[in-house]
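The file structure.txt comes next; it holds compact mmCIF, C-alpha atoms.
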# COMPACT_ATOMS: atom_id res chain seq x y z
CA MET A 1 -34.78 22.66 55.46
CA ALA A 2 -34.92 19.41 53.47
CA THR A 3 -32.30 18.85 50.82
CA ALA A 4 -33.06 17.00 47.63
CA THR A 5 -31.49 13.57 47.53
CA LYS A 6 -29.20 12.92 44.61
CA VAL A 7 -30.95 10.40 42.38
CA LYS A 8 -29.05 8.25 39.95
CA PRO A 9 -30.54 8.47 36.46
CA ILE A 10 -31.58 5.23 34.80
CA GLY A 11 -31.84 6.88 31.41
CA LYS A 12 -32.33 9.98 29.34
CA VAL A 13 -35.00 11.18 26.91
CA VAL A 14 -33.50 11.15 23.41
CA HIS A 15 -36.69 12.05 21.54
CA TYR A 16 -40.29 13.07 22.22
CA TYR A 17 -43.24 12.56 19.88
CA ASP A 18 -45.63 15.35 20.86
CA LYS A 19 -48.56 14.21 18.69
CA ILE A 20 -48.75 10.83 20.44
CA GLY A 21 -47.21 11.80 23.82
CA VAL A 22 -44.43 9.23 23.69
CA ALA A 23 -40.91 9.67 25.07
CA ILE A 24 -38.00 7.67 23.66
CA VAL A 25 -35.64 6.84 26.53
CA GLU A 26 -32.13 5.42 26.27
CA LEU A 27 -31.56 3.26 29.36
CA VAL A 28 -28.35 2.93 31.37
CA LYS A 29 -30.05 0.68 33.96
CA PRO A 30 -32.89 -1.88 33.74
CA LEU A 31 -36.52 -0.80 34.00
CA LYS A 32 -39.81 -2.70 34.25
CA VAL A 33 -43.52 -2.06 33.89
CA GLY A 34 -44.89 -1.10 37.31
CA ASP A 35 -41.85 1.01 38.25
CA THR A 36 -42.48 4.67 38.98
CA VAL A 37 -40.09 7.06 37.27
CA LEU A 38 -39.15 10.67 37.85
CA PHE A 39 -38.52 12.97 34.88
CA GLN A 40 -36.17 15.88 35.69
CA ARG A 41 -34.81 18.77 33.67
CA GLY A 42 -33.79 21.89 35.57
CA GLU A 43 -36.71 23.02 37.72
CA PHE A 44 -39.16 20.87 35.76
CA GLU A 45 -39.99 17.47 37.20
CA PHE A 46 -42.86 15.01 37.48
CA GLU A 47 -43.39 11.38 38.48
CA GLN A 48 -45.45 8.73 36.81
CA PRO A 49 -45.84 4.95 36.93
CA ILE A 50 -44.93 2.96 33.84
CA ASP A 51 -48.04 1.24 32.51
CA SER A 52 -46.42 -0.04 29.32
CA MET A 53 -43.30 0.34 27.24
CA GLU A 54 -42.02 -0.82 23.89
CA VAL A 55 -38.69 -1.84 22.43
CA GLU A 56 -38.60 -1.65 18.61
CA HIS A 57 -42.43 -1.38 18.48
CA ALA A 58 -42.92 -4.58 20.53
CA SER A 59 -44.55 -4.39 23.96
CA VAL A 60 -42.18 -5.52 26.74
CA ALA A 61 -42.57 -6.04 30.52
CA LYS A 62 -38.95 -5.13 31.22
CA ALA A 63 -36.03 -3.54 29.45
CA LYS A 64 -32.32 -3.89 30.12
CA LYS A 65 -29.38 -1.51 30.20
CA GLY A 66 -28.66 -0.29 26.67
CA ASP A 67 -32.24 -0.69 25.42
CA VAL A 68 -34.02 2.26 23.83
CA ILE A 69 -37.65 2.24 24.91
CA GLY A 70 -40.78 4.13 23.98
CA MET A 71 -43.19 5.03 26.76
CA LYS A 72 -46.36 7.09 27.00
CA VAL A 73 -45.87 10.14 29.23
CA ASP A 74 -48.41 12.30 31.06
CA GLN A 75 -46.62 15.56 30.23
CA PRO A 76 -44.43 16.78 27.37
CA VAL A 77 -40.71 16.19 27.95
CA LYS A 78 -37.69 17.67 26.22
CA GLU A 79 -34.70 15.81 24.82
CA GLY A 80 -32.04 15.53 27.51
CA THR A 81 -34.56 15.14 30.36
CA LEU A 82 -33.14 12.70 32.94
CA VAL A 83 -35.20 9.70 33.98
CA SER A 84 -34.72 8.16 37.46
CA LEU A 85 -36.55 5.61 39.58
CA ALA A 86 -38.82 7.51 41.97
Could you render the structure from this file as structure tokens?
Amino acid sequence: MATATKVKPIGKVVHYYDKIGVAIVELVKPLKVGDTVLFQRGEFEFEQPIDSMEVEHASVAKAKKGDVIGMKVDQPVKEGTLVSLA
């Protein structure tokens, strides 16, 4: 039986705008466009590549630790959902 590997979160969802499908993520590690991230909260999880992200409404190619980014997500996410590199 395979065991799930412990992934280190790179951030956490602090807000979700359901009308526009955007998650606001507070980063504890750097992240860049092209990375694939895993959203996890309890049994709920999904992966998606990052096509674009914004810091303070400006499009950025990469974000550093401490940045709060906005990113379009494929599925609704709740506040507190952990974000890890997939």
Mind checking which residues fall within 10 Å of Ile24 (chain A), counting all atoms listed in the file, ignoring those fewer than 3 positions away in the same chain, and posting them as a list in words?
Gly11, Lys12, Val13, Val14, His15, Tyr16, Tyr17, Leu27, Met53, Glu54, Val55, Val68, Ile69, Gly70, Met71, Lys72, Val73, Val77 and Glu79 of chain A
Between A:Leu38, A:Ile10, A:Ile50, A:Ile20, which one has atoms that come closest to Asp67 (chain A), using all atoms listed in the file?
A:Ile10
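Of the listed residues (A:Lys8, A:Lys32, A:Lys19, A:Arg41), A:Lys32 comes nearest to Val60 (chain A); the distances count only C-alpha atoms.
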Expected file content for region 52-65 of chain A, N, CA and C atoms, as a compact mmCIF listing (two decimals), in the first residue's frame:
# COMPACT_ATOMS: atom_id res chain seq x y z
N SER A 52 -0.74 32.17 -14.65
CA SER A 52 -0.46 33.58 -14.36
C SER A 52 -0.76 33.84 -12.89
N MET A 53 -0.12 34.87 -12.37
CA MET A 53 -0.42 35.29 -11.00
C MET A 53 -0.16 36.79 -10.88
N GLU A 54 -0.75 37.37 -9.86
CA GLU A 54 -0.62 38.81 -9.66
C GLU A 54 -0.23 39.11 -8.23
N VAL A 55 0.55 40.18 -8.08
CA VAL A 55 0.87 40.74 -6.77
C VAL A 55 0.39 42.19 -6.83
N GLU A 56 -0.52 42.55 -5.93
CA GLU A 56 -1.10 43.90 -5.90
C GLU A 56 -1.60 44.33 -7.29
N HIS A 57 -2.35 43.46 -7.93
CA HIS A 57 -3.01 43.70 -9.23
C HIS A 57 -2.05 43.87 -10.40
N ALA A 58 -0.75 43.54 -10.20
CA ALA A 58 0.21 43.60 -11.29
C ALA A 58 0.64 42.17 -11.62
N SER A 59 0.65 41.83 -12.91
CA SER A 59 1.04 40.49 -13.34
C SER A 59 2.53 40.28 -13.05
N VAL A 60 2.87 39.13 -12.47
CA VAL A 60 4.27 38.82 -12.16
C VAL A 60 4.60 37.41 -12.66
N ALA A 61 5.89 37.18 -12.98
CA ALA A 61 6.34 35.85 -13.43
C ALA A 61 6.76 35.01 -12.24
N LYS A 62 7.18 35.68 -11.15
CA LYS A 62 7.54 34.94 -9.94
C LYS A 62 7.24 35.79 -8.71
N ALA A 63 7.02 35.08 -7.62
CA ALA A 63 6.72 35.75 -6.36
C ALA A 63 7.64 35.17 -5.29
N LYS A 64 7.98 35.99 -4.30
CA LYS A 64 8.90 35.53 -3.27
C LYS A 64 8.18 35.26 -1.96
N LYS A 65 8.91 34.63 -1.05
CA LYS A 65 8.39 34.36 0.29
C LYS A 65 7.85 35.66 0.88
